[in-house]
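Enquirer: Contents are mmCIF, C-alpha atoms; file name work.cif:
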data_run
loop_
_atom_site.label_atom_id
_atom_site.label_comp_id
_atom_site.auth_asym_id
_atom_site.auth_seq_id
_atom_site.Cartn_x
_atom_site.Cartn_y
_atom_site.Cartn_z
CA MET A 29 -72.56 11.07 -228.60
CA GLU A 30 -69.82 11.02 -231.21
CA LEU A 31 -71.05 11.08 -234.82
CA VAL A 32 -68.52 9.42 -237.14
CA PHE A 33 -69.19 9.89 -240.84
CA ALA A 34 -67.45 7.55 -243.29
CA ILE A 35 -66.98 9.06 -246.75
CA SER A 36 -64.98 8.44 -249.91
CA ASP A 37 -64.97 9.85 -253.41
CA LYS A 38 -64.45 6.46 -255.04
CA GLY A 39 -65.94 3.05 -254.44
CA GLY A 40 -63.65 0.18 -253.48
CA THR A 41 -61.74 2.15 -250.85
CA GLY A 42 -62.62 -0.22 -248.00
CA ARG A 43 -64.82 2.46 -246.45
CA SER A 44 -67.63 0.17 -245.30
CA VAL A 45 -65.55 -2.78 -244.12
CA THR A 46 -63.15 -0.52 -242.23
CA SER A 47 -66.00 1.44 -240.65
CA CYS A 48 -67.73 -1.78 -239.57
CA ASN A 49 -64.50 -2.96 -238.01
CA LEU A 50 -64.05 0.35 -236.19
CA ALA A 51 -67.59 0.13 -234.82
CA TYR A 52 -66.89 -3.46 -233.76
CA ARG A 53 -63.63 -2.51 -232.02
CA ARG A 54 -65.27 0.40 -230.15
CA ALA A 55 -67.99 -1.96 -228.95
CA CYS A 56 -65.32 -4.46 -227.90
CA GLN A 57 -63.69 -1.64 -225.93
CA GLY A 58 -66.93 -1.18 -223.98
CA ASP A 59 -68.82 1.55 -225.82
CA ASP A 60 -72.44 1.34 -226.93
CA VAL A 61 -72.32 1.70 -230.70
CA ALA A 62 -74.91 2.29 -233.44
CA TYR A 63 -74.11 1.68 -237.09
CA LEU A 64 -76.31 3.46 -239.65
CA ASP A 65 -76.09 2.21 -243.23
CA PHE A 66 -76.65 5.44 -245.19
CA ASP A 67 -75.06 3.92 -248.30
CA PHE A 68 -78.55 4.08 -249.78
CA GLY A 69 -77.56 2.92 -253.26
CA SER A 70 -75.93 -0.23 -251.86
CA PRO A 71 -76.77 -0.89 -248.18
CA THR A 72 -74.61 -3.97 -247.61
CA ALA A 73 -73.29 -3.45 -244.06
CA GLY A 74 -75.44 -6.44 -243.07
CA ALA A 75 -73.16 -8.66 -245.15
CA ILE A 76 -70.09 -7.43 -243.24
CA PHE A 77 -71.78 -8.04 -239.89
CA GLU A 78 -72.91 -11.40 -241.38
CA ILE A 79 -76.62 -10.98 -240.77
CA VAL A 80 -78.07 -12.88 -243.72
CA ASP A 81 -81.56 -11.36 -243.49
CA VAL A 82 -80.21 -7.87 -244.26
CA GLU A 83 -77.18 -8.61 -246.46
CA THR A 84 -78.49 -6.11 -249.03
CA GLY A 85 -80.71 -4.12 -246.69
CA ALA A 86 -83.96 -4.66 -244.82
CA LYS A 87 -87.00 -5.95 -246.68
CA SER A 88 -89.05 -3.21 -245.01
CA GLY A 89 -88.80 -0.56 -242.32
CA GLY A 90 -85.18 0.36 -242.97
CA LEU A 91 -83.60 3.82 -242.86
CA HIS A 92 -85.04 4.82 -246.24
CA SER A 93 -88.58 4.20 -245.02
CA TYR A 94 -88.00 5.82 -241.64
CA LEU A 95 -86.40 9.01 -242.93
CA ARG A 96 -89.09 9.45 -245.59
CA GLY A 97 -91.82 9.12 -242.98
CA ARG A 98 -93.23 5.81 -244.21
CA VAL A 99 -92.72 4.01 -240.88
CA THR A 100 -92.37 5.16 -237.28
CA ASP A 101 -90.55 2.12 -235.85
CA LEU A 102 -86.97 1.93 -237.03
CA HIS A 103 -85.62 -1.50 -238.01
CA ARG A 104 -82.70 -2.38 -235.71
CA LEU A 105 -80.62 -5.48 -235.20
CA ASP A 106 -78.45 -6.45 -232.25
CA VAL A 107 -75.28 -7.69 -233.95
CA TRP A 108 -74.28 -9.86 -230.99
CA ALA A 109 -77.64 -11.67 -231.09
CA ARG A 110 -78.43 -11.66 -234.81
CA SER A 111 -75.12 -12.28 -236.57
CA ASP A 112 -74.90 -15.66 -238.29
CA ARG A 113 -71.22 -15.76 -237.39
CA ARG A 114 -70.69 -18.01 -234.39
CA ASP A 115 -67.83 -16.08 -232.79
CA LEU A 116 -69.91 -12.88 -232.81
CA ARG A 117 -73.21 -14.23 -231.52
CA ALA A 118 -72.11 -14.50 -227.90
CA GLY A 119 -70.66 -11.00 -227.84
CA LEU A 120 -67.68 -10.31 -225.64
CA HIS A 121 -67.19 -9.96 -221.89
CA ASN A 122 -67.51 -6.29 -220.92
CA ALA A 123 -68.37 -5.30 -224.51
CA GLY A 124 -70.88 -2.56 -225.19
CA THR A 125 -73.91 -2.92 -227.42
CA LEU A 126 -73.51 -3.02 -231.19
CA VAL A 127 -76.66 -2.29 -233.18
CA LEU A 128 -77.07 -2.16 -236.95
CA PHE A 129 -79.70 0.10 -238.51
CA PRO A 130 -79.91 -1.12 -242.14
CA GLY A 131 -81.12 0.73 -245.19
CA ASP A 132 -83.98 -0.59 -247.30
CA ARG A 133 -83.31 -3.28 -249.86
CA GLY A 134 -83.52 -1.65 -253.30
CA GLY A 135 -84.18 1.73 -251.73
CA GLY A 136 -81.78 3.87 -253.76
CA GLU A 137 -80.68 7.48 -253.26
CA PHE A 138 -83.37 10.11 -252.67
CA PRO A 139 -83.65 13.89 -252.29
CA TRP A 140 -83.43 15.17 -248.72
CA GLU A 141 -86.41 17.48 -248.36
CA PRO A 142 -86.69 19.68 -245.22
CA ASP A 143 -88.93 17.16 -243.46
CA VAL A 144 -86.36 14.41 -244.07
CA ILE A 145 -83.63 16.62 -242.61
CA ASP A 146 -85.80 17.21 -239.54
CA ARG A 147 -86.37 13.47 -239.08
CA CYS A 148 -82.63 12.83 -239.30
CA VAL A 149 -81.90 15.47 -236.65
CA LYS A 150 -84.49 13.87 -234.38
CA LEU A 151 -83.03 10.43 -235.12
CA PHE A 152 -79.54 11.49 -234.00
CA LEU A 153 -80.98 13.09 -230.87
CA ARG A 154 -82.88 9.90 -230.12
CA LEU A 155 -79.80 7.73 -230.64
CA SER A 156 -77.72 10.00 -228.41
CA GLU A 157 -79.82 8.88 -225.46
CA GLU A 158 -78.75 5.28 -225.98
CA PHE A 159 -75.37 5.21 -227.72
CA GLU A 160 -71.93 6.72 -227.21
CA PHE A 161 -70.92 6.31 -230.85
CA CYS A 162 -72.92 6.51 -234.05
CA PHE A 163 -71.14 5.45 -237.24
CA VAL A 164 -72.80 6.73 -240.42
CA ASP A 165 -71.65 5.00 -243.62
CA LEU A 166 -72.32 7.27 -246.61
CA SER A 167 -72.39 6.45 -250.31
CA ALA A 168 -69.24 7.14 -252.30
CA GLY A 169 -68.88 10.55 -253.92
CA ARG A 170 -70.89 13.73 -253.58
CA SER A 171 -74.15 12.00 -252.73
CA HIS A 172 -77.44 13.47 -251.53
CA ALA A 173 -76.69 11.90 -248.15
CA LEU A 174 -73.30 13.62 -247.79
CA ASP A 175 -74.84 16.98 -248.61
CA ALA A 176 -77.64 16.27 -246.14
CA MET A 177 -75.27 15.31 -243.32
CA LEU A 178 -73.43 18.61 -243.69
CA GLU A 179 -76.78 20.37 -243.37
CA VAL A 180 -77.90 18.17 -240.46
CA THR A 181 -74.69 18.69 -238.47
CA SER A 182 -75.00 22.45 -238.87
CA ARG A 183 -78.26 22.44 -236.90
CA ALA A 184 -78.18 24.01 -233.46
CA GLU A 185 -79.99 21.02 -231.94
CA LEU A 186 -76.88 18.88 -232.52
CA SER A 187 -74.33 21.40 -231.28
CA ALA A 188 -73.53 19.27 -228.22
CA MET A 189 -72.49 16.33 -230.39
CA THR A 190 -68.99 15.87 -231.80
CA ALA A 191 -68.95 15.17 -235.53
CA ARG A 192 -65.92 13.45 -237.08
CA TRP A 193 -65.42 12.96 -240.82
CA LEU A 194 -63.25 10.04 -241.95
CA VAL A 195 -62.22 10.20 -245.61
CA TYR A 196 -61.13 6.82 -246.94
CA HIS A 197 -58.76 6.37 -249.85
CA ARG A 198 -56.44 3.71 -251.16
CA TRP A 199 -52.75 4.40 -251.52
CA THR A 200 -52.73 5.27 -255.25
CA ARG A 201 -52.41 8.49 -257.26
CA GLN A 202 -56.03 8.36 -258.43
CA HIS A 203 -57.39 7.85 -254.93
CA ILE A 204 -55.26 10.63 -253.43
CA LEU A 205 -56.55 13.02 -256.08
CA ALA A 206 -60.14 11.86 -255.55
CA ALA A 207 -59.92 12.28 -251.76
CA ARG A 208 -58.46 15.76 -252.17
CA GLU A 209 -61.27 16.82 -254.51
CA LEU A 210 -63.95 15.38 -252.22
CA VAL A 211 -62.75 17.55 -249.35
CA PHE A 212 -61.12 20.61 -250.91
CA GLY A 213 -62.57 20.73 -254.42
CA GLY A 214 -65.60 22.49 -255.85
CA LYS A 215 -68.80 21.47 -254.05
CA GLY A 216 -66.61 19.37 -251.76
CA VAL A 217 -67.04 18.91 -248.03
CA LEU A 218 -65.53 22.26 -247.03
CA GLU A 219 -67.30 24.37 -249.64
CA THR A 220 -70.64 22.69 -249.02
CA GLY A 221 -70.22 22.84 -245.26
CA VAL A 222 -69.49 26.56 -245.33
CA ALA A 223 -72.64 27.06 -247.43
CA TYR A 224 -74.55 25.46 -244.54
CA LYS A 225 -72.91 27.90 -242.09
CA HIS A 226 -70.27 25.56 -240.70
CA ASP A 227 -67.17 27.31 -239.44
CA GLU A 228 -64.57 26.37 -242.05
CA ALA A 229 -61.68 26.00 -239.60
CA VAL A 230 -63.72 23.88 -237.20
CA LEU A 231 -65.01 21.68 -240.03
CA ARG A 232 -61.51 21.26 -241.46
CA ASP A 233 -60.22 20.17 -238.05
CA SER A 234 -62.96 17.53 -237.83
CA ILE A 235 -61.74 15.80 -241.01
CA ARG A 236 -59.09 13.09 -241.06
CA PHE A 237 -57.95 10.76 -243.82
CA VAL A 238 -57.65 6.99 -243.56
CA ARG A 239 -55.37 5.17 -245.99
CA THR A 240 -56.54 1.65 -246.74
CA ALA A 241 -54.88 -1.46 -248.15
CA VAL A 242 -51.42 0.04 -247.79
CA VAL A 243 -48.55 -2.24 -248.76
CA ASP A 244 -45.74 -2.35 -246.18
CA LEU A 245 -42.56 -2.18 -248.23
CA ASN A 246 -40.56 -3.42 -245.23
CA SER A 247 -42.72 -6.47 -244.59
CA PRO A 248 -40.84 -9.80 -244.75
CA ASP A 249 -43.96 -11.25 -246.43
CA LEU A 250 -43.59 -8.95 -249.43
CA PRO A 251 -41.83 -10.75 -252.29
CA ASP A 252 -38.58 -9.06 -253.25
CA GLY A 253 -39.02 -9.36 -256.99
CA PRO A 254 -36.42 -8.15 -259.47
CA PRO A 255 -34.21 -5.28 -258.24
CA ALA A 256 -35.79 -2.89 -260.75
CA GLN A 257 -39.25 -3.69 -259.41
CA VAL A 258 -38.16 -3.14 -255.80
CA MET A 259 -36.72 0.28 -256.70
CA TRP A 260 -39.87 1.14 -258.68
CA ARG A 261 -42.09 0.35 -255.66
CA GLN A 262 -39.93 2.56 -253.46
CA ASP A 263 -40.07 5.39 -256.02
CA CYS A 264 -43.85 5.06 -256.23
CA ASP A 265 -44.21 5.24 -252.46
CA ARG A 266 -42.04 8.35 -252.27
CA ASP A 267 -44.11 9.95 -255.02
CA LEU A 268 -47.33 9.14 -253.16
CA GLN A 269 -45.94 10.56 -249.92
CA GLU A 270 -45.06 13.78 -251.72
CA ARG A 271 -48.48 13.99 -253.41
CA ALA A 272 -50.26 13.41 -250.11
CA ARG A 273 -48.23 16.19 -248.47
CA LYS A 274 -48.84 18.55 -251.39
CA TYR A 275 -52.59 17.92 -251.41
CA GLN A 276 -53.00 18.26 -247.62
CA LEU A 277 -53.46 14.51 -247.09
CA GLY A 278 -50.12 14.05 -245.37
CA LYS A 279 -49.41 12.42 -242.01
CA SER A 280 -50.63 15.38 -239.98
CA ALA A 281 -54.06 15.03 -241.65
CA MET A 282 -54.25 11.25 -241.20
CA LEU A 283 -55.98 9.36 -238.45
CA GLY A 284 -54.20 6.18 -239.52
CA GLN A 285 -53.96 3.48 -242.12
CA THR A 286 -54.77 -0.18 -242.61
CA PRO A 287 -52.42 -2.69 -244.21
CA MET A 288 -53.14 -4.97 -247.11
CA ASP A 289 -54.72 -8.10 -245.61
CA PRO A 290 -55.90 -11.31 -247.34
CA VAL A 291 -59.08 -11.49 -245.25
CA LEU A 292 -60.12 -7.96 -246.24
CA GLN A 293 -59.14 -8.57 -249.85
CA TRP A 294 -61.05 -11.83 -250.24
CA ARG A 295 -63.86 -11.70 -247.71
CA GLU A 296 -64.47 -8.15 -246.39
CA GLN A 297 -65.48 -9.20 -242.90
CA LEU A 298 -65.03 -8.22 -239.28
CA ILE A 299 -61.62 -9.30 -238.05
CA THR A 300 -61.79 -10.81 -234.58
CA ASP A 301 -59.05 -11.81 -232.16
CA THR A 302 -59.88 -15.41 -233.06
CA ASP A 303 -59.10 -14.75 -236.73
CA VAL A 304 -55.58 -13.74 -235.70
CA THR A 305 -54.70 -15.94 -232.73
CA ALA A 306 -56.62 -19.18 -233.38
CA LYS A 307 -57.55 -19.37 -237.06
CA HIS A 308 -54.39 -17.57 -238.24
CA ILE A 309 -56.17 -16.20 -241.31
CA ALA A 310 -55.74 -12.48 -240.56
CA ASN A 311 -52.62 -10.54 -239.70
CA ALA A 312 -52.00 -9.14 -236.23
CA ALA A 313 -50.98 -5.83 -237.82
CA THR A 314 -54.48 -5.45 -239.27
CA LEU A 315 -56.15 -5.97 -235.90
CA GLU A 316 -53.73 -3.50 -234.31
CA ALA A 317 -54.50 -0.96 -237.04
CA PHE A 318 -58.24 -1.21 -236.37
CA ASP A 319 -57.68 -0.90 -232.63
CA ASP A 320 -55.46 2.15 -233.10
CA LEU A 321 -57.99 3.80 -235.44
CA ALA A 322 -60.86 3.07 -233.08
CA ARG A 323 -59.01 4.55 -230.10
CA GLY A 324 -57.92 7.51 -232.21
CA LEU A 325 -61.53 8.59 -232.61
CA THR A 326 -61.48 9.93 -229.05
CA ASP A 327 -57.77 10.74 -228.77
CA GLU A 328 -57.80 14.51 -228.87
CA SER A 329 -54.10 14.61 -229.72
CA ALA A 330 -54.97 12.92 -233.03
CA TRP A 331 -57.36 15.78 -233.81
CA ASP A 332 -55.18 18.66 -232.69
CA THR A 333 -54.63 21.31 -235.34
CA VAL A 334 -51.12 21.15 -236.72
#
In structure tokens, write the structure found in this file.
Expert:
Amino acid sequence: MELVFAISDKGGTGRSVTSCNLAYRRACQGDDVAYLDFDFGSPTAGAIFEIVDVETGAKSGGLHSYLRGRVTDLHRLDVWARSDRRDLRAGLHNAGTLVLFPGDRGGGEFPWEPDVIDRCVKLFLRLSEEFEFCFVDLSAGRSHALDAMLEVTSRAELSAMTARWLVYHRWTRQHILAARELVFGGKGVLETGVAYKHDEAVLRDSIRFVRTAVVDLNSPDLPDGPPAQVMWRQDCDRDLQERARKYQLGKSAMLGQTPMDPVLQWREQLITDTDVTAKHIANAATLEAFDDLARGLTDESAWDTV
């Protein structure tokens, strides 16, 4: 099973909506996919999958309760069967399973004691018998859950699993700096991982950055504006490219990027083929970006060390 951890240092990066769309696209491509909402402070993946009953987490029996040993049966929802969105309910021909494991409503962050770590290891082992992909959506910043996942993935019991770390950031100076600090800074992913006996080079090679809501300066839909504004946008983009290269977030460290899209900006939902080809509310480039990112998760050339 592939473990895909979604992290970001800031909120508002599009981490959750992009991760949900990647899980959806992998399921559409035929894989059996689990989605774990470990954003314990705000477990809202249910809203993106449009399952009203768990828009802000499960009323009981969610991941909080399970990991803390309060319940033994984990709350799970078949997205194809339980989504309130009509074009998701029937699933897709030849699609794999897509199952959401929500957090608890109002659960909040909590310390990960050794017994909680053990339960999480056993949970991943259990899921590996059923699913090919497990997406784990973590709270923004250096959360208890991020620290715990670095400890969990260092355990020998999970050595057969491939762990990928996707670091989401918007295409701004502040977000580039924040993403750099989350990975390379003090008590960041690399430093914390090494403290848990991860091999630094192996861990570094398992990390890729995803730029979100990137404006395409060559798009015909982008208003020209005054000449000075056009030049300023181009200067800003060049500056961001240079900063990303300088801070080790350049193209060789990227898995991909998603464009600015009105549906993601206004609704934060799964983007289906119907949204592009029939409803015409989402852009084809956005769907292609999600497809490319989803395929890139198992494209070893995208993870080769440069």
Enquirer: Suppose a student applies the PyMOL selection byres ((chain A and resi 102-107) around 10) to this structure; what residues should they get, written as a PDB file with C-alpha atoms, in the frame of the given file?
Expert:
ATOM      1  CA  TYR A  52     -66.890  -3.460-233.760  1.00  0.00           C
ATOM      2  CA  ALA A  62     -74.910   2.290-233.440  1.00  0.00           C
ATOM      3  CA  TYR A  63     -74.110   1.680-237.090  1.00  0.00           C
ATOM      4  CA  LEU A  64     -76.310   3.460-239.650  1.00  0.00           C
ATOM      5  CA  GLY A  74     -75.440  -6.440-243.070  1.00  0.00           C
ATOM      6  CA  PHE A  77     -71.780  -8.040-239.890  1.00  0.00           C
ATOM      7  CA  GLU A  78     -72.910 -11.400-241.380  1.00  0.00           C
ATOM      8  CA  ILE A  79     -76.620 -10.980-240.770  1.00  0.00           C
ATOM      9  CA  VAL A  82     -80.210  -7.870-244.260  1.00  0.00           C
ATOM     10  CA  ALA A  86     -83.960  -4.660-244.820  1.00  0.00           C
ATOM     11  CA  LYS A  87     -87.000  -5.950-246.680  1.00  0.00           C
ATOM     12  CA  SER A  88     -89.050  -3.210-245.010  1.00  0.00           C
ATOM     13  CA  GLY A  89     -88.800  -0.560-242.320  1.00  0.00           C
ATOM     14  CA  GLY A  90     -85.180   0.360-242.970  1.00  0.00           C
ATOM     15  CA  LEU A  91     -83.600   3.820-242.860  1.00  0.00           C
ATOM     16  CA  HIS A  92     -85.040   4.820-246.240  1.00  0.00           C
ATOM     17  CA  SER A  93     -88.580   4.200-245.020  1.00  0.00           C
ATOM     18  CA  TYR A  94     -88.000   5.820-241.640  1.00  0.00           C
ATOM     19  CA  LEU A  95     -86.400   9.010-242.930  1.00  0.00           C
ATOM     20  CA  VAL A  99     -92.720   4.010-240.880  1.00  0.00           C
ATOM     21  CA  THR A 100     -92.370   5.160-237.280  1.00  0.00           C
ATOM     22  CA  ASP A 101     -90.550   2.120-235.850  1.00  0.00           C
ATOM     23  CA  TRP A 108     -74.280  -9.860-230.990  1.00  0.00           C
ATOM     24  CA  ALA A 109     -77.640 -11.670-231.090  1.00  0.00           C
ATOM     25  CA  ARG A 110     -78.430 -11.660-234.810  1.00  0.00           C
ATOM     26  CA  SER A 111     -75.120 -12.280-236.570  1.00  0.00           C
ATOM     27  CA  ASP A 112     -74.900 -15.660-238.290  1.00  0.00           C
ATOM     28  CA  ARG A 113     -71.220 -15.760-237.390  1.00  0.00           C
ATOM     29  CA  LEU A 116     -69.910 -12.880-232.810  1.00  0.00           C
ATOM     30  CA  ARG A 117     -73.210 -14.230-231.520  1.00  0.00           C
ATOM     31  CA  ALA A 118     -72.110 -14.500-227.900  1.00  0.00           C
ATOM     32  CA  GLY A 119     -70.660 -11.000-227.840  1.00  0.00           C
ATOM     33  CA  THR A 125     -73.910  -2.920-227.420  1.00  0.00           C
ATOM     34  CA  LEU A 126     -73.510  -3.020-231.190  1.00  0.00           C
ATOM     35  CA  VAL A 127     -76.660  -2.290-233.180  1.00  0.00           C
ATOM     36  CA  LEU A 128     -77.070  -2.160-236.950  1.00  0.00           C
ATOM     37  CA  PHE A 129     -79.700   0.100-238.510  1.00  0.00           C
ATOM     38  CA  PRO A 130     -79.910  -1.120-242.140  1.00  0.00           C
ATOM     39  CA  GLY A 131     -81.120   0.730-245.190  1.00  0.00           C
ATOM     40  CA  ASP A 132     -83.980  -0.590-247.300  1.00  0.00           C
ATOM     41  CA  LEU A 151     -83.030  10.430-235.120  1.00  0.00           C
TER      42      LEU A 151
END
Enquirer: Go ahead and compute the interatomic distance for CA of Met282 in chain A and CA of Ile235 in chain A, in Å to one decimal.
Expert: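 Rounded to one decimal, the two atoms are 8.8 Å apart.
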Enquirer: Could you state the separation of CA of Ser234 in chain A and CA of Trp193 in chain A in Å, given to one decimal place?
Expert: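 Separation of CA of Ser234 in chain A and CA of Trp193 in chain A: 6.0 Å.
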Enquirer: Which residues are close to Glu141 in chain A, i.e. within 10 Å by only C-alpha atoms, leaving aside same-chain residues fewer than 5 positions away? Reply as a ChimeraX atom specification.
Expert: /A:96,146,176
Enquirer: Convert the current residue selection to file output with C-alpha atoms, as a short mmCIF file (atom, residue, chain, number, x, y, z; two decimals), keeping the file's coordinate frame.
Expert:
data_model
loop_
_atom_site.label_atom_id
_atom_site.label_comp_id
_atom_site.auth_asym_id
_atom_site.auth_seq_id
_atom_site.Cartn_x
_atom_site.Cartn_y
_atom_site.Cartn_z
CA ARG A 96 -89.09 9.45 -245.59
CA ASP A 146 -85.80 17.21 -239.54
CA ALA A 176 -77.64 16.27 -246.14
#
Enquirer: Could you tell me, as a PyMOL selection string, exactly which residues end up selected when the PyMOL selection byres ((chain A and resi 179) around 9) is applied to this structure?
Expert: chain A and resi 145+174-178+180-183+220-221+223-226
Enquirer: From the list A:Leu325, A:Asp267, A:Met288, A:Glu296, which residue is nearest Asn311 in chain A when using all atoms listed in the file?
Expert: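 Closest to Asn311 in chain A, using all atoms listed in the file: A:Met288.
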Enquirer: At most 6 Å from (-41.9, 2.3, -252.6), file frame, all atoms listed in the file: which residues, as a PyMOL selection string?
Expert: chain A and resi 261-265
Enquirer: Please compute the CA of Ala310 in chain A-CA of Val195 in chain A distance, one decimal, in Å.
Expert: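 CA of Val195 in chain A lies 24.1 Å from CA of Ala310 in chain A.
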Enquirer: Excluding Thr72 in chain A and any residue of its chain fewer than 3 positions from it, enumerate the residues within 7 Å of it, using all atoms listed in the file, and give them as a list of chain:residue names.
Expert: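 Those residues are A:Ala75, A:Glu83, A:Thr84, A:Gly85.
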Enquirer: Evaluate the PyMOL selection byres ((chain A and resi 156) around 10) and record the selected residues as an mmCIF file with C-alpha atoms, in the frame of the given file, following the chain and residue labels used in the document.
Expert:
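The resulting file, selection15.cif, is shown below:
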data_model
loop_
_atom_site.group_PDB
_atom_site.id
_atom_site.type_symbol
_atom_site.label_atom_id
_atom_site.label_comp_id
_atom_site.auth_asym_id
_atom_site.auth_seq_id
_atom_site.Cartn_x
_atom_site.Cartn_y
_atom_site.Cartn_z
ATOM 1 C CA MET A 29 -72.560 11.070 -228.600
ATOM 2 C CA GLU A 30 -69.820 11.020 -231.210
ATOM 3 C CA LEU A 31 -71.050 11.080 -234.820
ATOM 4 C CA ALA A 62 -74.910 2.290 -233.440
ATOM 5 C CA LYS A 150 -84.490 13.870 -234.380
ATOM 6 C CA LEU A 151 -83.030 10.430 -235.120
ATOM 7 C CA PHE A 152 -79.540 11.490 -234.000
ATOM 8 C CA LEU A 153 -80.980 13.090 -230.870
ATOM 9 C CA ARG A 154 -82.880 9.900 -230.120
ATOM 10 C CA LEU A 155 -79.800 7.730 -230.640
ATOM 11 C CA GLU A 157 -79.820 8.880 -225.460
ATOM 12 C CA GLU A 158 -78.750 5.280 -225.980
ATOM 13 C CA PHE A 159 -75.370 5.210 -227.720
ATOM 14 C CA GLU A 160 -71.930 6.720 -227.210
ATOM 15 C CA PHE A 161 -70.920 6.310 -230.850
ATOM 16 C CA CYS A 162 -72.920 6.510 -234.050
ATOM 17 C CA LEU A 186 -76.880 18.880 -232.520
ATOM 18 C CA MET A 189 -72.490 16.330 -230.390
#
Enquirer: Determine the nearest neighbour of Arg239 in chain A from the options A:Thr190, A:Thr302, A:Thr200, A:Ser329, counting only C-alpha atoms.
Expert: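 Ranking A:Thr190, A:Thr302, A:Thr200, A:Ser329 by distance to Arg239 in chain A, first place goes to A:Thr200.
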Enquirer: So, with all atoms listed in the file as the atoms that count, which of A:Ala173, A:Ala168, A:Asn122, A:Thr46 lies closest to Ala207 in chain A?
Expert: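 Distance minimum relative to Ala207 in chain A lands on A:Ala168.
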